[in-house]
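Comments concern the structure below.
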Amino acid sequence: MKSKLWQIFDELQKDNYAKDLSPKTIEAYDYSLTRILRELEEQGIAEPSGINDEFISGFKYKLRKSNLQNESVNSFLKSLRRYLNFSYQKGYIRSVPKVELIRLEEKIKPTLTMQEVKLIFENCDLSISSVMSILYLGTGIRSRTMCHIRVEDADLDTQLLTCKVTKNRKILTLPLTNSLCDMLKAYIKKHNKRAGEWLFVNAKGGQFRQKIMYKAINLHYKSLGINRTGVHLLRHTFGKLMVMNNCDAFTLMHWFGHSKTEETKRYVNLFANELAKTAETFNPTANCKFV
């Protein structure tokens, strides 16, 4: 029979499913809480009431000594905090011990140089990797979103890209510049794409998975002589260039699909109160020709 600790874990995961959390988030809870509960068992703690300040302090020390990045340590601590709050809400504990996160230093997000951006723009051969790279630089969307774009999601008549799979589960509609539309029209024609199909496919013609997409982008970097890796470089570069072109926080928040302005403020130094800026004004692809 499962101990109380694991019974609560099962209840919490059912609650996560009921709240429609993303599979990735639920998987993260599974990983971190499994390690936490095993640590509790090793110390002979079988009830959530045994999770006290001493355990939390010792567990935090053990995580930091294991050479984990501070961000990863905080992920464990956030999971523990969620577990404790859930236990309290369900009446399994009378009070919630404080779980203090490690204070993180704000790091400058890595971006491509203007020369590297120019290389990507100037070497558009309408291949899948080159078009994806430019679309990343022109929209700032996430890789999971890119994997789920179908041909009809790019409405080139109205110059709108509809992103149906996003981190916050909300549909995101983004304007496309004239240059991006011209590129996508040429790409769709060259690859004989049809409505209902994935806009970008892997070497076998199937839907991209994120890891395979990362590999394709990294190979594209290498082919251009760019000694970098990572798809998020393109998203960060998009944000940096939008800010350099005086894009305000509200506009950028919409582009990034953020639900809170605090997330976007990392990219923006000057906070404005208007959203009515056009893609042709701010977007780094606005004055480029790809075909």
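Chain labels A, B, ... are given in the sequence in which chains occur in the structure tokens; within each chain residues are numbered consecutively from 1, and ligands are likewise numbered from 1 in the order shown.
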
* Asked: Could you pull out all residues of segment 60-291 of chain A with a DSSP call of helix (DSSP H, G or I) and give them as a PyMOL selection string?
  -> chain A and resi 60-65+70-89+114-122+128-139+143-147+151-153+178-190+210-223+232-244+249-256+261-264+279-282

List the neighbours of segment 174-189 of chain A out to 10 Å using only C-alpha atoms; skip same-chain residues closer than 5 positions along the sequence, and give me the result as a PDB file with C-alpha atoms, in the first residue's frame.
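Dumped to part10.pdb:
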ATOM      1  CA  CYS A 124      17.583  31.999 -47.959  1.00  0.00           C
ATOM      2  CA  ASP A 125      17.486  29.109 -50.440  1.00  0.00           C
ATOM      3  CA  LEU A 126      13.865  28.206 -49.587  1.00  0.00           C
ATOM      4  CA  SER A 127      15.037  25.038 -47.836  1.00  0.00           C
ATOM      5  CA  ILE A 128      13.068  24.007 -44.773  1.00  0.00           C
ATOM      6  CA  VAL A 131      12.779  29.322 -44.055  1.00  0.00           C
ATOM      7  CA  MET A 132      12.235  28.144 -40.470  1.00  0.00           C
ATOM      8  CA  ILE A 134      13.878  33.345 -40.942  1.00  0.00           C
ATOM      9  CA  LEU A 135      10.351  32.747 -39.699  1.00  0.00           C
ATOM     10  CA  GLY A 138      10.453  37.325 -38.010  1.00  0.00           C
ATOM     11  CA  THR A 139       7.953  36.132 -35.407  1.00  0.00           C
ATOM     12  CA  GLY A 140       9.807  35.049 -32.261  1.00  0.00           C
ATOM     13  CA  ILE A 141       7.554  31.994 -31.847  1.00  0.00           C
ATOM     14  CA  VAL A 151      -0.075  25.405 -44.344  1.00  0.00           C
ATOM     15  CA  ALA A 154      -0.196  31.098 -42.699  1.00  0.00           C
ATOM     16  CA  ASP A 155      -2.867  33.225 -44.378  1.00  0.00           C
ATOM     17  CA  LEU A 156      -0.781  35.075 -46.919  1.00  0.00           C
ATOM     18  CA  ASP A 157      -3.704  37.107 -48.231  1.00  0.00           C
ATOM     19  CA  THR A 158      -4.434  38.744 -44.883  1.00  0.00           C
ATOM     20  CA  GLN A 159      -0.747  38.447 -43.881  1.00  0.00           C
ATOM     21  CA  LEU A 160      -1.536  36.713 -40.600  1.00  0.00           C
ATOM     22  CA  LEU A 161       0.018  33.684 -38.941  1.00  0.00           C
ATOM     23  CA  THR A 162      -2.264  31.752 -36.593  1.00  0.00           C
ATOM     24  CA  CYS A 163      -0.409  29.838 -33.897  1.00  0.00           C
ATOM     25  CA  ARG A 194      -1.229  21.804 -49.613  1.00  0.00           C
ATOM     26  CA  LEU A 199       4.169  23.660 -43.104  1.00  0.00           C
ATOM     27  CA  PHE A 200       7.524  22.175 -42.098  1.00  0.00           C
ATOM     28  CA  HIS A 254       1.684  39.979 -27.645  1.00  0.00           C
ATOM     29  CA  TRP A 255       4.351  38.773 -30.065  1.00  0.00           C
ATOM     30  CA  PHE A 256       5.946  36.564 -27.433  1.00  0.00           C
ATOM     31  CA  GLY A 257       2.617  35.208 -26.203  1.00  0.00           C
ATOM     32  CA  THR A 278       2.723  47.604 -37.109  1.00  0.00           C
ATOM     33  CA  ALA A 279       4.933  44.709 -38.041  1.00  0.00           C
ATOM     34  CA  GLU A 280       6.388  46.689 -40.937  1.00  0.00           C
ATOM     35  CA  THR A 281       7.635  49.305 -38.474  1.00  0.00           C
ATOM     36  CA  PHE A 282       9.346  46.997 -36.005  1.00  0.00           C
ATOM     37  CA  ASN A 283       9.973  43.641 -37.585  1.00  0.00           C
ATOM     38  CA  PRO A 284      13.596  42.823 -38.517  1.00  0.00           C
ATOM     39  CA  THR A 285      12.467  41.183 -41.779  1.00  0.00           C
ATOM     40  CA  ALA A 286      10.422  44.159 -42.962  1.00  0.00           C
ATOM     41  CA  ASN A 287      12.807  45.469 -45.619  1.00  0.00           C
ATOM     42  CA  CYS A 288      14.394  42.194 -46.692  1.00  0.00           C
ATOM     43  CA  LYS A 289      13.951  40.269 -49.934  1.00  0.00           C
ATOM     44  CA  PHE A 290      14.197  36.502 -49.738  1.00  0.00           C
ATOM     45  CA  VAL A 291      12.954  35.587 -53.200  1.00  0.00           C
TER      46      VAL A 291
END

* Selection: 12 Å around Lys240 of chain A, only C-alpha atoms, excl. self and same-chain fewer than 2 positions, as number ranges by chain -> A: 108-114, 117, 137-138, 140, 233-238, 242-249, 252, 256, 264-269, 282-284

* To do: Would you list the contacts of Gln13 of chain A as a list in words, taking every protein, DNA or RNA residue within 10 Å and counting only C-alpha atoms, but skipping same-chain residues closer than 5 positions in sequence?
  => Ile8, Ala18, Lys19, Leu21, Ile26, Glu27, Tyr29, Asp30 and Tyr83 of chain A

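The interatomic distance for the pair atom CA of Thr34 of chain A and atom CA of Pro97 of chain A works out to 19.6 Å.
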
* To do: Just the residues within 9 Å of Val231 of chain A, please, counting only C-alpha atoms, with nothing from its chain fewer than 6 positions along; format it as a PyMOL selection string.
  => chain A and resi 133+136+142-143+213-214+217-218

12 Å contact set for segment 53-66 of chain A, only C-alpha atoms, chain neighbours under 5 positions out, as a compact mmCIF listing (two decimals) with N, CA and C atoms, in the first residue's frame:
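Here's the written file result-v5.txt:
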# COMPACT_ATOMS: atom_id res chain seq x y z
N SER A 32 10.51 15.81 -10.47
CA SER A 32 11.04 16.46 -9.28
C SER A 32 10.43 15.92 -7.99
N ARG A 35 11.79 12.49 -6.92
CA ARG A 35 13.09 12.59 -6.22
C ARG A 35 12.90 13.11 -4.79
N ILE A 36 12.01 14.07 -4.62
CA ILE A 36 11.78 14.64 -3.29
C ILE A 36 11.18 13.59 -2.35
N LEU A 37 10.20 12.84 -2.82
CA LEU A 37 9.54 11.85 -1.97
C LEU A 37 10.50 10.70 -1.62
N ARG A 38 11.35 10.34 -2.54
CA ARG A 38 12.35 9.30 -2.23
C ARG A 38 13.34 9.79 -1.18
N GLU A 39 13.68 11.06 -1.27
CA GLU A 39 14.57 11.65 -0.25
C GLU A 39 13.90 11.63 1.12
N LEU A 40 12.61 11.92 1.15
CA LEU A 40 11.85 11.88 2.41
C LEU A 40 11.83 10.46 2.98
N GLU A 41 11.62 9.49 2.11
CA GLU A 41 11.57 8.09 2.56
C GLU A 41 12.91 7.65 3.13
N GLU A 42 14.00 8.09 2.48
CA GLU A 42 15.33 7.75 2.96
C GLU A 42 15.58 8.28 4.37
N GLN A 43 14.91 9.39 4.68
CA GLN A 43 15.06 9.99 6.01
C GLN A 43 13.99 9.50 6.98
N GLY A 44 13.20 8.52 6.55
CA GLY A 44 12.20 7.94 7.44
C GLY A 44 10.97 8.81 7.63
N ILE A 45 10.73 9.73 6.70
CA ILE A 45 9.56 10.61 6.80
C ILE A 45 8.45 10.05 5.91
N PRO A 48 3.39 14.12 5.23
CA PRO A 48 3.75 15.48 4.81
C PRO A 48 4.04 16.39 5.99
N GLU A 71 18.78 27.47 -11.43
CA GLU A 71 17.44 27.39 -12.01
C GLU A 71 16.83 26.01 -11.78
N SER A 72 17.66 24.96 -11.88
CA SER A 72 17.18 23.60 -11.67
C SER A 72 16.85 23.36 -10.20
N VAL A 73 17.68 23.91 -9.31
CA VAL A 73 17.39 23.79 -7.87
C VAL A 73 16.05 24.43 -7.56
N ASN A 74 15.81 25.60 -8.13
CA ASN A 74 14.54 26.29 -7.90
C ASN A 74 13.35 25.51 -8.45
N SER A 75 13.56 24.77 -9.51
CA SER A 75 12.47 23.95 -10.07
C SER A 75 12.05 22.89 -9.05
N PHE A 76 13.02 22.26 -8.39
CA PHE A 76 12.71 21.30 -7.33
C PHE A 76 11.98 21.98 -6.17
N LEU A 77 12.47 23.15 -5.79
CA LEU A 77 11.88 23.85 -4.66
C LEU A 77 10.46 24.32 -4.96
N LYS A 78 10.21 24.72 -6.20
CA LYS A 78 8.85 25.12 -6.59
C LYS A 78 7.90 23.94 -6.55
N LEU A 80 8.25 21.31 -4.60
CA LEU A 80 8.04 21.03 -3.18
C LEU A 80 7.02 22.01 -2.59
N ARG A 81 7.13 23.26 -2.95
CA ARG A 81 6.19 24.27 -2.46
C ARG A 81 4.77 23.98 -2.92
N LEU A 84 3.42 21.09 -0.87
CA LEU A 84 3.04 21.52 0.48
C LEU A 84 1.75 22.33 0.47
N SER A 95 -0.09 23.72 8.68
CA SER A 95 0.61 24.93 8.26
C SER A 95 1.62 24.57 7.17
N VAL A 96 2.04 25.58 6.44
CA VAL A 96 2.97 25.35 5.33
C VAL A 96 4.33 25.97 5.68
N PRO A 97 5.36 25.13 5.79
CA PRO A 97 6.69 25.70 6.03
C PRO A 97 7.15 26.52 4.84
N LYS A 98 7.95 27.53 5.10
CA LYS A 98 8.38 28.43 4.03
C LYS A 98 9.45 27.77 3.18
N VAL A 99 9.26 27.82 1.88
CA VAL A 99 10.26 27.30 0.94
C VAL A 99 10.81 28.48 0.16
N GLU A 100 12.01 28.92 0.53
CA GLU A 100 12.62 30.07 -0.11
C GLU A 100 13.44 29.63 -1.32
N LEU A 101 13.20 30.28 -2.43
CA LEU A 101 13.96 29.98 -3.64
C LEU A 101 15.31 30.66 -3.60
N ILE A 102 16.22 30.16 -4.40
CA ILE A 102 17.53 30.79 -4.53
C ILE A 102 17.40 32.02 -5.40

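The coordinates place atom CA of Glu116 of chain A at 6.7 Å from atom CA of Ile226 of chain A.
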
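Among the candidate residues A:Gln69, A:Ser129, A:Thr173, A:Arg228, the one lying nearest to Leu104 of chain A is A:Gln69, with distances computed using only C-alpha atoms.
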
* Asked: atom CA of Leu33 of chain A and atom CA of Lys2 of chain A, how far apart in Å?
  -> 15.0 Å

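Secondary structure from DSSP on the backbone puts strand (DSSP E) at the following positions of segment 21-269 of chain A: Ala154, Asp155, Leu160, Leu161, Thr162, Cys163, Leu172, Thr173, Leu174 and Pro175 of chain A.
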
Selection from above, all heavy atoms, as a PDB file, in the first residue's frame, can you write it?
ATOM      1  N   ALA A 154      -0.859  29.907 -42.141  1.00  0.00           N
ATOM      2  CA  ALA A 154      -0.196  31.098 -42.699  1.00  0.00           C
ATOM      3  C   ALA A 154      -1.102  31.663 -43.787  1.00  0.00           C
ATOM      4  O   ALA A 154      -1.055  31.228 -44.945  1.00  0.00           O
ATOM      5  CB  ALA A 154       1.166  30.729 -43.259  1.00  0.00           C
ATOM      6  N   ASP A 155      -1.958  32.604 -43.422  1.00  0.00           N
ATOM      7  CA  ASP A 155      -2.867  33.225 -44.378  1.00  0.00           C
ATOM      8  C   ASP A 155      -2.127  34.373 -45.053  1.00  0.00           C
ATOM      9  O   ASP A 155      -2.005  35.472 -44.502  1.00  0.00           O
ATOM     10  CB  ASP A 155      -4.118  33.749 -43.659  1.00  0.00           C
ATOM     11  CG  ASP A 155      -5.206  34.210 -44.627  1.00  0.00           C
ATOM     12  OD1 ASP A 155      -4.845  34.628 -45.743  1.00  0.00           O
ATOM     13  OD2 ASP A 155      -6.388  34.165 -44.261  1.00  0.00           O
ATOM     14  N   LEU A 160      -1.423  37.085 -42.013  1.00  0.00           N
ATOM     15  CA  LEU A 160      -1.536  36.713 -40.600  1.00  0.00           C
ATOM     16  C   LEU A 160      -1.098  35.267 -40.408  1.00  0.00           C
ATOM     17  O   LEU A 160      -1.427  34.391 -41.213  1.00  0.00           O
ATOM     18  CB  LEU A 160      -2.974  36.885 -40.107  1.00  0.00           C
ATOM     19  CG  LEU A 160      -3.504  38.311 -40.012  1.00  0.00           C
ATOM     20  CD1 LEU A 160      -4.986  38.300 -39.641  1.00  0.00           C
ATOM     21  CD2 LEU A 160      -2.712  39.130 -38.987  1.00  0.00           C
ATOM     22  N   LEU A 161      -0.383  35.032 -39.327  1.00  0.00           N
ATOM     23  CA  LEU A 161       0.018  33.684 -38.941  1.00  0.00           C
ATOM     24  C   LEU A 161      -0.742  33.300 -37.684  1.00  0.00           C
ATOM     25  O   LEU A 161      -0.640  33.975 -36.660  1.00  0.00           O
ATOM     26  CB  LEU A 161       1.524  33.623 -38.679  1.00  0.00           C
ATOM     27  CG  LEU A 161       2.061  32.275 -38.195  1.00  0.00           C
ATOM     28  CD1 LEU A 161       1.945  31.227 -39.306  1.00  0.00           C
ATOM     29  CD2 LEU A 161       3.520  32.408 -37.741  1.00  0.00           C
ATOM     30  N   THR A 162      -1.504  32.224 -37.749  1.00  0.00           N
ATOM     31  CA  THR A 162      -2.264  31.752 -36.593  1.00  0.00           C
ATOM     32  C   THR A 162      -1.505  30.620 -35.918  1.00  0.00           C
ATOM     33  O   THR A 162      -1.245  29.579 -36.539  1.00  0.00           O
ATOM     34  CB  THR A 162      -3.664  31.262 -37.008  1.00  0.00           C
ATOM     35  OG1 THR A 162      -4.369  32.337 -37.627  1.00  0.00           O
ATOM     36  CG2 THR A 162      -4.451  30.791 -35.798  1.00  0.00           C
ATOM     37  N   CYS A 163      -1.148  30.837 -34.672  1.00  0.00           N
ATOM     38  CA  CYS A 163      -0.409  29.838 -33.897  1.00  0.00           C
ATOM     39  C   CYS A 163      -1.385  29.176 -32.928  1.00  0.00           C
ATOM     40  O   CYS A 163      -1.826  29.791 -31.953  1.00  0.00           O
ATOM     41  CB  CYS A 163       0.733  30.504 -33.135  1.00  0.00           C
ATOM     42  SG  CYS A 163       1.874  31.430 -34.196  1.00  0.00           S
ATOM     43  N   LEU A 172      -2.608  32.343 -30.794  1.00  0.00           N
ATOM     44  CA  LEU A 172      -1.849  33.576 -31.007  1.00  0.00           C
ATOM     45  C   LEU A 172      -1.856  33.910 -32.496  1.00  0.00           C
ATOM     46  O   LEU A 172      -1.489  33.084 -33.322  1.00  0.00           O
ATOM     47  CB  LEU A 172      -0.415  33.389 -30.516  1.00  0.00           C
ATOM     48  CG  LEU A 172       0.558  34.557 -30.679  1.00  0.00           C
ATOM     49  CD1 LEU A 172       0.115  35.751 -29.839  1.00  0.00           C
ATOM     50  CD2 LEU A 172       1.972  34.127 -30.279  1.00  0.00           C
ATOM     51  N   THR A 173      -2.300  35.122 -32.829  1.00  0.00           N
ATOM     52  CA  THR A 173      -2.322  35.570 -34.225  1.00  0.00           C
ATOM     53  C   THR A 173      -1.305  36.684 -34.402  1.00  0.00           C
ATOM     54  O   THR A 173      -1.362  37.698 -33.707  1.00  0.00           O
ATOM     55  CB  THR A 173      -3.722  36.069 -34.629  1.00  0.00           C
ATOM     56  OG1 THR A 173      -4.673  35.021 -34.407  1.00  0.00           O
ATOM     57  CG2 THR A 173      -3.753  36.464 -36.094  1.00  0.00           C
ATOM     58  N   LEU A 174      -0.388  36.469 -35.328  1.00  0.00           N
ATOM     59  CA  LEU A 174       0.701  37.424 -35.542  1.00  0.00           C
ATOM     60  C   LEU A 174       0.699  37.940 -36.971  1.00  0.00           C
ATOM     61  O   LEU A 174       0.455  37.181 -37.918  1.00  0.00           O
ATOM     62  CB  LEU A 174       2.049  36.751 -35.256  1.00  0.00           C
ATOM     63  CG  LEU A 174       2.266  36.223 -33.834  1.00  0.00           C
ATOM     64  CD1 LEU A 174       3.569  35.436 -33.777  1.00  0.00           C
ATOM     65  CD2 LEU A 174       2.276  37.363 -32.827  1.00  0.00           C
ATOM     66  N   PRO A 175       0.985  39.234 -37.158  1.00  0.00           N
ATOM     67  CA  PRO A 175       1.091  39.774 -38.519  1.00  0.00           C
ATOM     68  C   PRO A 175       2.397  39.347 -39.179  1.00  0.00           C
ATOM     69  O   PRO A 175       3.418  39.182 -38.514  1.00  0.00           O
ATOM     70  CB  PRO A 175       1.053  41.286 -38.286  1.00  0.00           C
ATOM     71  CG  PRO A 175       1.583  41.470 -36.902  1.00  0.00           C
ATOM     72  CD  PRO A 175       1.163  40.266 -36.125  1.00  0.00           C
TER      73      PRO A 175
END

* To do: Quick one: everything within 6 Å of Thr166 of chain A, counting only C-alpha atoms, minus sequence neighbours fewer than 2 positions away in the same chain. Send it as a PyMOL selection string.
  => chain A and resi 145+168-169
